[in-house]
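Chemist: Next comes structure-v4.cif, mmCIF, C-alpha atoms:
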```
data_protein
loop_
_atom_site.label_atom_id
_atom_site.label_comp_id
_atom_site.auth_asym_id
_atom_site.auth_seq_id
_atom_site.Cartn_x
_atom_site.Cartn_y
_atom_site.Cartn_z
CA MET Q 1080 -29.04 115.61 152.37
CA ASN Q 1081 -30.43 119.06 153.27
CA TYR Q 1082 -34.18 118.47 153.35
CA SER Q 1083 -36.50 115.73 154.54
CA ILE Q 1084 -40.09 116.16 153.36
CA VAL Q 1085 -42.39 114.38 155.82
CA VAL Q 1086 -45.99 113.66 154.83
CA PRO Q 1087 -48.55 111.82 157.01
CA VAL Q 1088 -51.24 110.05 154.97
CA PHE Q 1089 -54.63 108.61 155.84
CA ASN Q 1090 -56.68 107.06 153.02
CA ARG Q 1091 -55.45 109.56 150.39
CA PRO Q 1092 -53.55 107.62 147.67
CA ASP Q 1093 -54.73 109.93 144.86
CA GLU Q 1094 -53.54 113.02 146.71
CA VAL Q 1095 -50.16 111.43 147.39
CA ASP Q 1096 -49.81 110.67 143.68
CA GLU Q 1097 -50.30 114.35 142.79
CA LEU Q 1098 -47.91 115.51 145.52
CA LEU Q 1099 -45.15 113.08 144.52
CA GLU Q 1100 -45.56 114.01 140.87
CA SER Q 1101 -45.02 117.67 141.76
CA LEU Q 1102 -41.91 116.74 143.76
CA CYS Q 1103 -40.43 115.06 140.68
CA SER Q 1104 -40.47 118.44 138.91
CA GLN Q 1105 -38.55 120.38 141.56
CA THR Q 1106 -35.68 122.47 140.21
CA LEU Q 1107 -33.63 121.66 143.32
CA LYS Q 1108 -33.30 117.91 143.98
CA ASP Q 1109 -31.47 117.79 147.32
CA PHE Q 1110 -34.25 116.22 149.38
CA GLU Q 1111 -35.70 112.94 150.55
CA VAL Q 1112 -39.40 112.15 150.94
CA VAL Q 1113 -40.75 110.31 153.98
CA ILE Q 1114 -44.32 109.04 153.61
CA VAL Q 1115 -45.95 107.82 156.82
CA GLU Q 1116 -49.10 105.77 156.25
CA ASP Q 1117 -51.22 106.29 159.37
CA GLY Q 1118 -53.18 103.03 159.49
CA SER Q 1119 -54.97 103.66 156.19
CA LYS Q 1120 -57.48 101.19 154.80
CA LYS Q 1121 -56.64 102.59 151.35
CA PRO Q 1122 -52.83 102.59 151.46
CA CYS Q 1123 -50.65 104.48 149.01
CA LYS Q 1124 -47.82 101.93 148.88
CA ASP Q 1125 -48.41 101.20 145.16
CA VAL Q 1126 -48.34 104.92 144.42
CA CYS Q 1127 -45.05 105.32 146.29
CA ASP Q 1128 -43.54 102.34 144.47
CA LYS Q 1129 -44.24 104.14 141.19
CA TYR Q 1130 -41.88 106.97 142.22
CA ALA Q 1131 -39.26 104.86 144.03
CA ASP Q 1132 -36.77 105.07 141.14
CA ILE Q 1133 -37.32 108.81 140.64
CA LEU Q 1134 -37.31 110.18 144.18
CA ASP Q 1135 -35.33 109.34 147.29
CA LEU Q 1136 -38.52 107.98 148.81
CA HIS Q 1137 -39.09 106.14 152.10
CA TYR Q 1138 -42.47 104.60 152.89
CA TYR Q 1139 -43.57 103.55 156.38
CA TYR Q 1140 -46.82 101.98 157.55
CA LYS Q 1141 -47.93 102.29 161.18
CA ASP Q 1142 -51.06 101.96 163.30
CA ASN Q 1143 -53.39 104.97 163.31
CA SER Q 1144 -52.39 107.62 165.85
CA GLY Q 1145 -53.19 110.88 164.08
CA PRO Q 1146 -51.20 113.24 161.85
CA GLY Q 1147 -49.13 114.81 164.62
CA GLN Q 1148 -47.74 111.53 165.92
CA SER Q 1149 -47.22 110.31 162.34
CA ARG Q 1150 -45.12 113.38 161.62
CA ASN Q 1151 -43.05 112.64 164.72
CA TYR Q 1152 -42.61 109.06 163.52
CA GLY Q 1153 -41.38 110.30 160.15
CA VAL Q 1154 -39.00 112.93 161.55
CA GLU Q 1155 -37.39 110.34 163.84
CA ARG Q 1156 -36.48 108.38 160.69
CA ALA Q 1157 -35.53 111.37 158.55
CA LYS Q 1158 -31.92 112.24 157.68
CA GLY Q 1159 -32.11 115.84 156.52
CA GLU Q 1160 -30.78 118.86 158.40
CA TYR Q 1161 -34.11 120.57 157.74
CA VAL Q 1162 -37.56 118.99 157.92
CA ILE Q 1163 -40.41 120.19 155.72
CA ILE Q 1164 -43.85 119.15 156.95
CA LEU Q 1165 -46.55 118.95 154.28
CA ASP Q 1166 -50.14 117.73 154.23
CA SER Q 1167 -51.02 115.12 151.64
CA ASP Q 1168 -53.53 117.46 149.97
CA VAL Q 1169 -50.94 119.95 148.70
CA VAL Q 1170 -49.18 120.23 145.33
CA LEU Q 1171 -45.87 122.08 144.97
CA PRO Q 1172 -44.83 124.47 142.22
CA GLU Q 1173 -41.55 123.43 140.63
CA GLY Q 1174 -39.56 126.16 142.40
CA TYR Q 1175 -40.75 125.38 145.94
CA ILE Q 1176 -37.53 123.80 147.27
CA GLU Q 1177 -35.40 126.38 145.46
CA ALA Q 1178 -37.43 129.24 146.99
CA THR Q 1179 -36.95 127.69 150.44
CA GLU Q 1180 -33.19 127.40 149.86
CA LYS Q 1181 -32.94 131.04 148.77
CA GLU Q 1182 -34.75 132.22 151.91
CA LEU Q 1183 -32.54 130.12 154.17
CA THR Q 1184 -29.31 131.34 152.59
CA ALA Q 1185 -30.42 134.99 152.25
CA ASN Q 1186 -30.06 135.52 155.99
CA GLY Q 1187 -26.28 135.12 155.92
CA GLN Q 1188 -24.86 133.89 159.19
CA ARG Q 1189 -28.14 134.15 161.07
CA PRO Q 1190 -29.50 130.60 161.38
CA ILE Q 1191 -33.22 130.06 160.83
CA ALA Q 1192 -34.85 127.54 163.10
CA ALA Q 1193 -38.35 127.40 161.64
CA TRP Q 1194 -40.50 128.83 158.88
CA GLY Q 1195 -43.70 128.41 156.94
CA GLY Q 1196 -45.25 129.43 153.67
CA PRO Q 1197 -48.66 130.50 152.35
CA ASP Q 1198 -51.08 128.56 150.17
CA ALA Q 1199 -52.98 129.24 146.99
CA SER Q 1200 -55.76 127.82 144.82
CA HIS Q 1201 -54.80 125.93 141.65
CA PRO Q 1202 -56.70 126.56 138.39
CA SER Q 1203 -57.63 122.86 138.26
CA PHE Q 1204 -59.43 122.94 141.61
CA THR Q 1205 -63.20 122.56 141.59
CA PRO Q 1206 -65.34 125.70 142.07
CA VAL Q 1207 -66.17 124.56 145.61
CA GLN Q 1208 -62.48 124.09 146.46
CA LYS Q 1209 -61.70 127.53 145.06
CA ALA Q 1210 -64.53 129.05 147.11
CA ILE Q 1211 -63.28 127.34 150.27
CA SER Q 1212 -59.72 128.45 149.50
CA TYR Q 1213 -60.99 132.01 149.11
CA SER Q 1214 -62.83 131.91 152.45
CA MET Q 1215 -59.71 130.58 154.20
CA THR Q 1216 -57.43 133.32 152.84
CA SER Q 1217 -59.64 136.40 152.40
CA PHE Q 1218 -59.37 139.53 154.49
CA PHE Q 1219 -63.19 139.63 154.65
CA THR Q 1220 -63.41 136.28 156.46
CA THR Q 1221 -60.45 136.77 158.85
CA GLY Q 1222 -58.61 134.29 156.60
CA GLY Q 1223 -56.03 136.99 155.94
CA ILE Q 1224 -54.56 136.45 159.41
CA ARG Q 1225 -53.13 133.14 158.17
CA GLY Q 1226 -50.27 135.08 156.63
CA GLY Q 1227 -48.87 135.84 153.23
CA LYS Q 1228 -46.90 139.01 153.93
CA LYS Q 1229 -43.64 139.49 155.79
CA LYS Q 1230 -44.94 142.51 157.66
CA LEU Q 1231 -46.72 140.27 160.20
CA ASP Q 1232 -45.15 140.71 163.65
CA LYS Q 1233 -45.33 137.02 164.45
CA PHE Q 1234 -45.91 134.15 162.13
CA TYR Q 1235 -47.14 130.74 163.25
CA PRO Q 1236 -46.61 128.07 160.56
CA ARG Q 1237 -49.38 125.56 159.79
CA SER Q 1238 -48.80 121.89 159.14
CA PHE Q 1239 -49.77 122.07 155.47
CA ASN Q 1240 -46.51 123.99 154.78
CA MET Q 1241 -44.06 124.11 157.69
CA GLY Q 1242 -40.27 123.87 157.88
CA ILE Q 1243 -38.00 123.44 160.88
CA ARG Q 1244 -34.44 122.37 161.65
CA ARG Q 1245 -34.56 118.72 162.60
CA ASP Q 1246 -32.55 119.22 165.81
CA VAL Q 1247 -35.02 121.91 166.96
CA TYR Q 1248 -37.96 119.64 166.11
CA LEU Q 1249 -36.52 116.84 168.25
CA GLN Q 1250 -35.58 119.24 171.04
CA LEU Q 1251 -39.20 120.45 171.25
CA GLY Q 1252 -40.59 116.92 171.20
CA GLY Q 1253 -42.50 117.41 167.95
CA PHE Q 1254 -46.27 117.55 167.77
CA SER Q 1255 -48.50 116.91 170.77
CA LYS Q 1256 -51.41 114.45 170.87
CA MET Q 1257 -53.95 117.18 170.25
CA ARG Q 1258 -56.13 116.09 167.34
CA PHE Q 1259 -57.02 119.63 166.23
CA GLY Q 1260 -54.78 122.67 166.46
CA GLU Q 1261 -51.67 120.58 167.08
CA ASP Q 1262 -49.73 122.58 164.49
CA ILE Q 1263 -50.47 125.92 166.18
CA ASP Q 1264 -49.60 124.35 169.54
CA PHE Q 1265 -46.25 123.32 168.06
CA SER Q 1266 -45.67 126.81 166.64
CA TYR Q 1267 -46.47 128.38 170.02
CA ARG Q 1268 -43.98 126.06 171.68
CA MET Q 1269 -41.33 127.13 169.16
CA VAL Q 1270 -41.84 130.76 170.15
CA GLU Q 1271 -41.96 129.95 173.87
CA ALA Q 1272 -38.62 128.16 173.48
CA GLY Q 1273 -37.08 131.33 172.02
CA TYR Q 1274 -37.38 130.58 168.29
CA GLN Q 1275 -39.24 132.88 165.93
CA PRO Q 1276 -40.64 131.18 162.82
CA LEU Q 1277 -40.37 133.26 159.65
CA LEU Q 1278 -42.73 133.57 156.72
CA PHE Q 1279 -41.25 132.52 153.36
CA PRO Q 1280 -43.77 134.11 150.97
CA ASP Q 1281 -42.22 132.56 147.85
CA ALA Q 1282 -42.30 129.02 149.29
CA TRP Q 1283 -46.03 128.59 148.70
CA VAL Q 1284 -48.11 125.54 147.90
CA TRP Q 1285 -51.36 124.76 146.15
CA HIS Q 1286 -53.71 123.52 148.87
CA LYS Q 1287 -56.77 121.53 147.83
CA ARG Q 1288 -58.58 121.70 151.19
CA ARG Q 1289 -62.03 120.15 151.63
CA THR Q 1290 -64.18 119.05 148.70
CA ASP Q 1291 -67.61 119.92 150.12
CA PHE Q 1292 -69.18 122.27 152.66
CA ARG Q 1293 -70.12 119.52 155.14
CA LYS Q 1294 -66.49 118.45 155.54
CA PHE Q 1295 -65.42 122.08 155.59
CA PHE Q 1296 -67.88 122.87 158.41
CA ARG Q 1297 -66.49 120.00 160.50
CA GLN Q 1298 -62.94 121.20 159.89
CA VAL Q 1299 -63.57 124.79 160.99
CA TYR Q 1300 -65.82 123.67 163.84
CA ASN Q 1301 -62.90 121.67 165.22
CA SER Q 1302 -60.64 124.70 164.70
CA GLY Q 1303 -63.01 126.74 166.88
CA ILE Q 1304 -62.73 124.11 169.60
CA ALA Q 1305 -58.96 124.08 169.24
CA ARG Q 1306 -58.74 127.85 169.76
CA ILE Q 1307 -60.08 127.58 173.32
CA ASN Q 1308 -57.86 124.58 174.05
CA LEU Q 1309 -54.85 126.50 172.73
CA GLU Q 1310 -55.62 129.48 174.96
CA LYS Q 1311 -55.79 127.15 177.95
CA ARG Q 1312 -52.44 125.63 177.04
CA HIS Q 1313 -50.82 128.95 176.08
CA PRO Q 1314 -52.49 131.76 178.06
CA GLY Q 1315 -52.49 135.11 176.33
CA THR Q 1316 -52.27 133.77 172.79
CA MET Q 1317 -55.92 134.50 172.00
CA LYS Q 1318 -56.27 137.80 170.14
CA LEU Q 1319 -59.26 139.95 169.31
CA VAL Q 1320 -59.35 138.60 165.76
CA HIS Q 1321 -59.93 135.09 167.13
CA LEU Q 1322 -63.20 136.31 168.67
CA LEU Q 1323 -64.59 137.71 165.41
CA PRO Q 1324 -66.11 134.44 164.10
CA MET Q 1325 -67.94 133.99 167.41
CA VAL Q 1326 -69.23 137.59 167.29
CA PHE Q 1327 -70.25 137.06 163.66
CA THR Q 1328 -72.10 133.84 164.56
CA VAL Q 1329 -73.98 135.39 167.46
CA GLY Q 1330 -74.77 138.44 165.32
CA VAL Q 1331 -76.18 136.45 162.41
CA ILE Q 1332 -78.28 134.25 164.70
CA GLY Q 1333 -79.50 137.36 166.53
CA LEU Q 1334 -80.51 139.11 163.29
CA ILE Q 1335 -82.41 136.03 162.10
CA LEU Q 1336 -84.22 135.79 165.44
CA VAL Q 1337 -85.21 139.48 165.29
CA SER Q 1338 -86.59 138.90 161.80
CA ALA Q 1339 -88.54 135.84 162.97
CA ILE Q 1340 -89.98 137.77 165.93
CA GLY Q 1341 -90.95 140.58 163.56
CA ARG Q 1342 -92.82 138.14 161.33
CA ALA Q 1343 -94.67 136.71 164.33
CA LEU Q 1344 -95.64 140.17 165.60
CA MET Q 1345 -96.79 141.22 162.12
CA HIS Q 1346 -99.06 138.21 162.06
CA TYR Q 1347 -100.53 138.55 165.55
CA VAL Q 1348 -100.39 142.30 166.28
CA ASP Q 1349 -100.06 145.34 164.01
CA HIS Q 1350 -98.77 144.72 160.47
CA ASP Q 1351 -97.09 148.08 159.79
CA GLN Q 1352 -95.59 148.66 163.22
CA PHE Q 1353 -93.25 145.66 163.05
CA TYR Q 1354 -92.55 145.68 159.32
CA TRP Q 1355 -88.96 146.91 159.86
CA MET Q 1356 -88.22 144.03 162.23
CA CYS Q 1357 -89.04 141.55 159.51
CA PHE Q 1358 -86.76 142.86 156.76
CA ALA Q 1359 -84.16 145.27 158.22
CA PRO Q 1360 -82.10 142.53 159.99
CA TRP Q 1361 -81.36 140.95 156.60
CA LEU Q 1362 -79.70 144.07 155.22
CA PRO Q 1363 -76.27 143.60 156.90
CA ILE Q 1364 -76.30 139.90 155.94
CA LEU Q 1365 -77.08 140.76 152.33
CA LEU Q 1366 -74.46 143.54 152.29
CA TYR Q 1367 -71.78 141.19 153.60
CA SER Q 1368 -72.78 138.56 151.03
CA LEU Q 1369 -72.50 141.17 148.27
CA ILE Q 1370 -68.99 142.13 149.39
CA ILE Q 1371 -67.92 138.48 149.34
CA LEU Q 1372 -69.52 137.94 145.93
CA ILE Q 1373 -67.79 140.92 144.32
CA ASP Q 1374 -64.37 140.34 145.89
CA SER Q 1375 -64.26 136.60 145.19
CA THR Q 1376 -65.58 136.99 141.64
CA ILE Q 1377 -62.82 139.51 140.88
CA GLN Q 1378 -60.10 137.42 142.52
CA ASN Q 1379 -61.15 134.13 140.93
CA LYS Q 1380 -62.41 135.64 137.66
CA SER Q 1381 -65.51 133.50 138.02
CA LEU Q 1382 -69.07 134.44 138.99
CA LYS Q 1383 -69.76 130.81 139.96
CA VAL Q 1384 -66.88 130.76 142.43
CA GLY Q 1385 -68.02 134.16 143.69
CA LEU Q 1386 -71.50 132.81 144.40
CA LEU Q 1387 -70.12 129.67 146.09
CA SER Q 1388 -67.85 131.86 148.21
CA ILE Q 1389 -70.91 133.22 150.03
CA PRO Q 1390 -71.87 129.88 151.66
CA ALA Q 1391 -68.16 129.11 152.07
CA ALA Q 1392 -67.63 132.32 154.06
CA PHE Q 1393 -70.67 131.72 156.26
CA THR Q 1394 -69.62 128.09 156.77
CA GLN Q 1395 -66.13 129.13 157.81
CA LEU Q 1396 -67.14 131.89 160.22
CA MET Q 1397 -70.18 130.22 161.76
CA GLY Q 1398 -68.62 126.75 161.91
CA TYR Q 1399 -65.61 128.16 163.74
CA GLY Q 1400 -67.88 130.33 165.90
CA CYS Q 1401 -70.07 127.39 166.94
CA GLY Q 1402 -67.05 125.26 167.87
CA PHE Q 1403 -65.57 128.18 169.78
CA ILE Q 1404 -68.80 128.73 171.76
CA GLU Q 1405 -69.15 125.04 172.65
CA ALA Q 1406 -65.53 124.85 173.80
CA TRP Q 1407 -65.88 128.08 175.79
CA TRP Q 1408 -68.94 126.70 177.58
CA LYS Q 1409 -67.35 123.35 178.41
CA ARG Q 1410 -63.84 124.55 179.25
CA CYS Q 1411 -64.40 128.03 180.72
CA VAL Q 1412 -67.90 127.79 182.25
CA GLN Q 1413 -68.13 124.13 183.22
CA GLY Q 1414 -64.42 123.93 184.00
CA LYS Q 1415 -63.76 120.65 182.21
CA ASP Q 1416 -60.26 119.73 181.16
CA GLU Q 1417 -59.32 119.02 177.55
CA PHE Q 1418 -60.04 115.32 177.63
CA GLN Q 1419 -63.27 115.55 179.66
CA ALA Q 1420 -64.68 118.20 177.37
CA PHE Q 1421 -63.66 116.69 174.06
CA GLU Q 1422 -62.60 113.06 174.29
CA LYS Q 1423 -62.54 112.77 170.50
CA THR Q 1424 -60.05 115.63 170.11
CA PHE Q 1425 -57.12 113.55 171.38
CA TYR Q 1426 -55.47 110.43 170.02
CA GLN Q 1427 -54.66 107.78 172.58
#
```
Please lay out the structure from this file as structure tokens.

Modeler:
Amino acid sequence: MNYSIVVPVFNRPDEVDELLESLCSQTLKDFEVVIVEDGSKKPCKDVCDKYADILDLHYYYKDNSGPGQSRNYGVERAKGEYVIILDSDVVLPEGYIEATEKELTANGQRPIAAWGGPDASHPSFTPVQKAISYSMTSFFTTGGIRGGKKKLDKFYPRSFNMGIRRDVYLQLGGFSKMRFGEDIDFSYRMVEAGYQPLLFPDAWVWHKRRTDFRKFFRQVYNSGIARINLEKRHPGTMKLVHLLPMVFTVGVIGLILVSAIGRALMHYVDHDQFYWMCFAPWLPILLYSLIILIDSTIQNKSLKVGLLSIPAAFTQLMGYGCGFIEAWWKRCVQGKDEFQAFEKTFYQ
């Protein structure tokens, strides 16, 4: 058994069904699947039973402790030499395992300890999901830093598509109890231990992501919080690009405030003198929105997705920026530790 695919699940039976169906179509069959039900009220046991005679499938139910600890639980019970960590909301193209195998064997005698792959939007995804996928992968939203090209100096795999030798996983102690950013924390610990994860560009997945902007905002808001916590845990890992959403957020809020002040002054003082303050601040916002609209429409071949990509981009950047600012205030200004500042960001 070469590969153990470990998937934590929380109330997502429909997603698990799609993922397992895609695993049945893999061109390379040398893998087992370990499903860890993390205290779900809507379990996927019946879904797993449907594939029990098709896949080498192992289902476990445990009390809720978060995705990171559920992955650890699954890896402890896995048998493969290599562990592939997937989120339940991904679907695999039929050549995923084969592409992974080719990358691992292409390096000859040089062993690979860890790797990750990119994600893409599936044609069947809803327009909102496609817009969110665009915002999470576009150069114009900083999503391009997630990776997709081998020229990146360092690559830090994410938990939606991550591979690692099982012995290295156990040596590093697996995922921490961080609720958000635990996958980046794990990737940082790989590098600090002397391993360098590689990007396997052909081992990509379709990633459904969030289904509405409210859930998406909460996701990226928590990612902004996680960035500060990660810098505290791993000093020096914060780069200039990580500050861009915060700068964008402050800039947009500042431009809106200038416009509001201009309107007030036009009303109470001289109309013509403050006309520029009312309308000029909106020009960079409109220009940025136009860039997103054009780029997304071309990429997705859909004007509707292009239009939805505008609120998706603003949600991603400003949600992340707001979380980042709150975490900076609590951790860096007030000096609170991780648990004091964000009790809900850790599983007990």

Chemist: Starting from the shown file, work through the PyMOL selection byres ((chain Q and resi 1249-1253) around 12) and note down what comes out as a PyMOL selection string.

Modeler: chain Q and resi 1146-1157+1160-1162+1164+1192-1193+1238+1243-1248+1254-1257+1261-1274

Chemist: Applying 9 Å and only C-alpha atoms, which residues near range 1195-1200 of chain Q remain after dropping the ones on its own chain fewer than 2 positions away? List them as number ranges by chain.

Modeler: Q: 1163, 1169, 1193, 1202-1204, 1208-1209, 1212-1213, 1216, 1225-1228, 1234-1243, 1276-1287

Chemist: Taking 6 positions as the minimum chain separation for residues in the same chain, which residues sit within 12 Å of Lys1294 in chain Q when counting all atoms listed in the file? Answer as JSON, numbers by chain.

Modeler: {"Q": [1207, 1208, 1211, 1288, 1300, 1301, 1391, 1394, 1395, 1398]}

Chemist: Write a file of the just-selected residues containing C-alpha atoms, as a JSON list (two decimals), in the frame of the given file.

Modeler:
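Heads up, here's the output in part-v1.json:
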```
[["chain", "number", "residue", "atom", "x", "y", "z"],
["Q", 1207, "VAL", "CA", -66.17, 124.56, 145.61],
["Q", 1208, "GLN", "CA", -62.48, 124.09, 146.46],
["Q", 1211, "ILE", "CA", -63.28, 127.34, 150.27],
["Q", 1288, "ARG", "CA", -58.58, 121.70, 151.19],
["Q", 1300, "TYR", "CA", -65.82, 123.67, 163.84],
["Q", 1301, "ASN", "CA", -62.90, 121.67, 165.22],
["Q", 1391, "ALA", "CA", -68.16, 129.11, 152.07],
["Q", 1394, "THR", "CA", -69.62, 128.09, 156.77],
["Q", 1395, "GLN", "CA", -66.13, 129.13, 157.81],
["Q", 1398, "GLY", "CA", -68.62, 126.75, 161.91]]
```

Chemist: Could you check how far CA of Trp1194 in chain Q sits from CA of Gln1275 in chain Q, in Å to one decimal?

Modeler: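 A separation of 8.2 Å between them.
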
Chemist: Please determine, counting only C-alpha atoms, which residue among Q:Tyr1367, Q:Gly1400, Q:Ile1340, Q:Gly1385 has the shortest atom-to-atom distance to Tyr1354 in chain Q.

Modeler: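 When distances to Tyr1354 in chain Q are compared using only C-alpha atoms, the smallest one comes from Q:Ile1340.
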
Chemist: Determine the residue set returned by the PyMOL selection byres ((chain Q and resi 1337) around 12) for the present structure, and present it as a list in words.

Modeler: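 For this structure, the PyMOL selection byres ((chain Q and resi 1337) around 12) captures Gly1330, Val1331, Ile1332, Gly1333, Leu1334, Ile1335, Leu1336, Ser1338, Ala1339, Ile1340, Gly1341, Arg1342, Ala1343, Leu1344, Phe1353, Tyr1354, Trp1355, Met1356, Cys1357, Phe1358, Ala1359, Pro1360 and Trp1361 of chain Q.
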
Chemist: Applying the PyMOL selection byres ((chain Q and resi 1121) around 9) to the file I just gave you, which residues come out? Please list them as a list in words.

Modeler: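 Selection result, ordered by chain and number: Phe1089, Asn1090, Arg1091, Pro1092, Gly1118, Ser1119, Lys1120, Pro1122 and Cys1123 of chain Q.
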
Chemist: What is the CA of Ala1131 in chain Q to CA of Glu1111 in chain Q distance in Å?

Modeler: 11.0 Å

Chemist: Have a look at CA of Val1384 in chain Q and CA of Pro1206 in chain Q and let me know their distance in Å, one decimal.

Modeler: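 Atom-to-atom, CA of Val1384 in chain Q to CA of Pro1206 in chain Q, that is 5.3 Å.
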
Chemist: Between Q:Tyr1139, Q:Tyr1130, Q:Tyr1347, Q:Phe1259, which has the minimum distance to Gln1298 in chain Q (counting all atoms listed in the file)?

Modeler: Q:Phe1259

Chemist: What would the list of residues within 6 Å of (-38.7, 110.4, 154.5) (file frame) look like as a list in words, if only C-alpha atoms are what count?

Modeler: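 Neighbouring residues, ordered by chain and number, come to Ser1083, Val1085, Glu1111, Val1112, Val1113, Ile1114, His1137 and Ala1157 of chain Q.
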
Chemist: Rank Q:Val1348, Q:Leu1396, Q:Ile1404, Q:Val1126 by their smallest atom-to-atom distance to Met1215 in chain Q, using only C-alpha atoms, and report the top residue only.

Modeler: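 Among the listed residues, the smallest separation from Met1215 in chain Q belongs to Q:Leu1396.
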
Chemist: Range 1355-1359 of chain Q, all listed atoms, 3 Å padding on each side: what axis-aligned box centre and edge lengths in Å to one decimal come out, as AutoDock Vina command-line options?

Modeler:
```
--center_x -86.6 --center_y 144.2 --center_z 159.5 --size_x 10.9 --size_y 11.4 --size_z 11.5
```

Chemist: Pop range 1403-1409 of chain Q out of the structure in the block and write all heavy atoms as a compact mmCIF listing (two decimals), in the first residue's frame.

Modeler:
```
# COMPACT_ATOMS: atom_id res chain seq x y z
N PHE Q 1403 -6.89 40.38 10.20
CA PHE Q 1403 -5.48 40.70 10.43
C PHE Q 1403 -5.36 41.87 11.40
O PHE Q 1403 -4.56 41.83 12.35
CB PHE Q 1403 -4.82 41.04 9.10
CG PHE Q 1403 -3.35 41.30 9.17
CD1 PHE Q 1403 -2.45 40.31 8.82
CD2 PHE Q 1403 -2.85 42.54 9.55
CE1 PHE Q 1403 -1.07 40.55 8.86
CE2 PHE Q 1403 -1.49 42.79 9.59
CZ PHE Q 1403 -0.60 41.79 9.25
N ILE Q 1404 -6.15 42.93 11.19
CA ILE Q 1404 -6.08 44.13 12.04
C ILE Q 1404 -6.52 43.80 13.47
O ILE Q 1404 -5.88 44.23 14.44
CB ILE Q 1404 -6.95 45.25 11.45
CG1 ILE Q 1404 -6.32 45.76 10.14
CG2 ILE Q 1404 -7.11 46.40 12.44
CD1 ILE Q 1404 -7.23 46.66 9.32
N GLU Q 1405 -7.60 43.03 13.61
CA GLU Q 1405 -8.05 42.66 14.96
C GLU Q 1405 -6.98 41.86 15.69
O GLU Q 1405 -6.69 42.10 16.87
CB GLU Q 1405 -9.35 41.86 14.89
CG GLU Q 1405 -9.86 41.50 16.28
CD GLU Q 1405 -11.07 40.58 16.27
OE1 GLU Q 1405 -11.55 40.24 15.17
OE2 GLU Q 1405 -11.51 40.19 17.37
N ALA Q 1406 -6.40 40.88 14.98
CA ALA Q 1406 -5.38 40.04 15.61
C ALA Q 1406 -4.14 40.87 15.96
O ALA Q 1406 -3.53 40.68 17.01
CB ALA Q 1406 -5.00 38.89 14.68
N TRP Q 1407 -3.75 41.77 15.06
CA TRP Q 1407 -2.60 42.65 15.34
C TRP Q 1407 -2.86 43.47 16.60
O TRP Q 1407 -1.96 43.62 17.46
CB TRP Q 1407 -2.36 43.57 14.15
CG TRP Q 1407 -1.35 44.66 14.43
CD1 TRP Q 1407 0.01 44.53 14.44
CD2 TRP Q 1407 -1.63 46.02 14.77
NE1 TRP Q 1407 0.59 45.74 14.77
CE2 TRP Q 1407 -0.39 46.67 14.98
CE3 TRP Q 1407 -2.81 46.75 14.92
CZ2 TRP Q 1407 -0.30 48.01 15.33
CZ3 TRP Q 1407 -2.73 48.09 15.27
CH2 TRP Q 1407 -1.49 48.71 15.47
N TRP Q 1408 -4.05 44.01 16.75
CA TRP Q 1408 -4.36 44.83 17.91
C TRP Q 1408 -4.30 44.01 19.20
O TRP Q 1408 -3.68 44.42 20.19
CB TRP Q 1408 -5.74 45.47 17.74
CG TRP Q 1408 -6.16 46.29 18.93
CD1 TRP Q 1408 -7.02 45.94 19.92
CD2 TRP Q 1408 -5.69 47.60 19.27
NE1 TRP Q 1408 -7.14 46.93 20.85
CE2 TRP Q 1408 -6.33 47.98 20.47
CE3 TRP Q 1408 -4.81 48.49 18.66
CZ2 TRP Q 1408 -6.11 49.20 21.08
CZ3 TRP Q 1408 -4.58 49.72 19.27
CH2 TRP Q 1408 -5.23 50.07 20.47
N LYS Q 1409 -4.91 42.83 19.16
CA LYS Q 1409 -4.97 42.02 20.38
C LYS Q 1409 -3.64 41.36 20.72
O LYS Q 1409 -3.26 41.30 21.89
CB LYS Q 1409 -6.06 40.95 20.23
CG LYS Q 1409 -7.47 41.50 20.25
CD LYS Q 1409 -8.51 40.39 20.18
CE LYS Q 1409 -9.92 40.95 20.30
NZ LYS Q 1409 -10.95 39.88 20.25
```
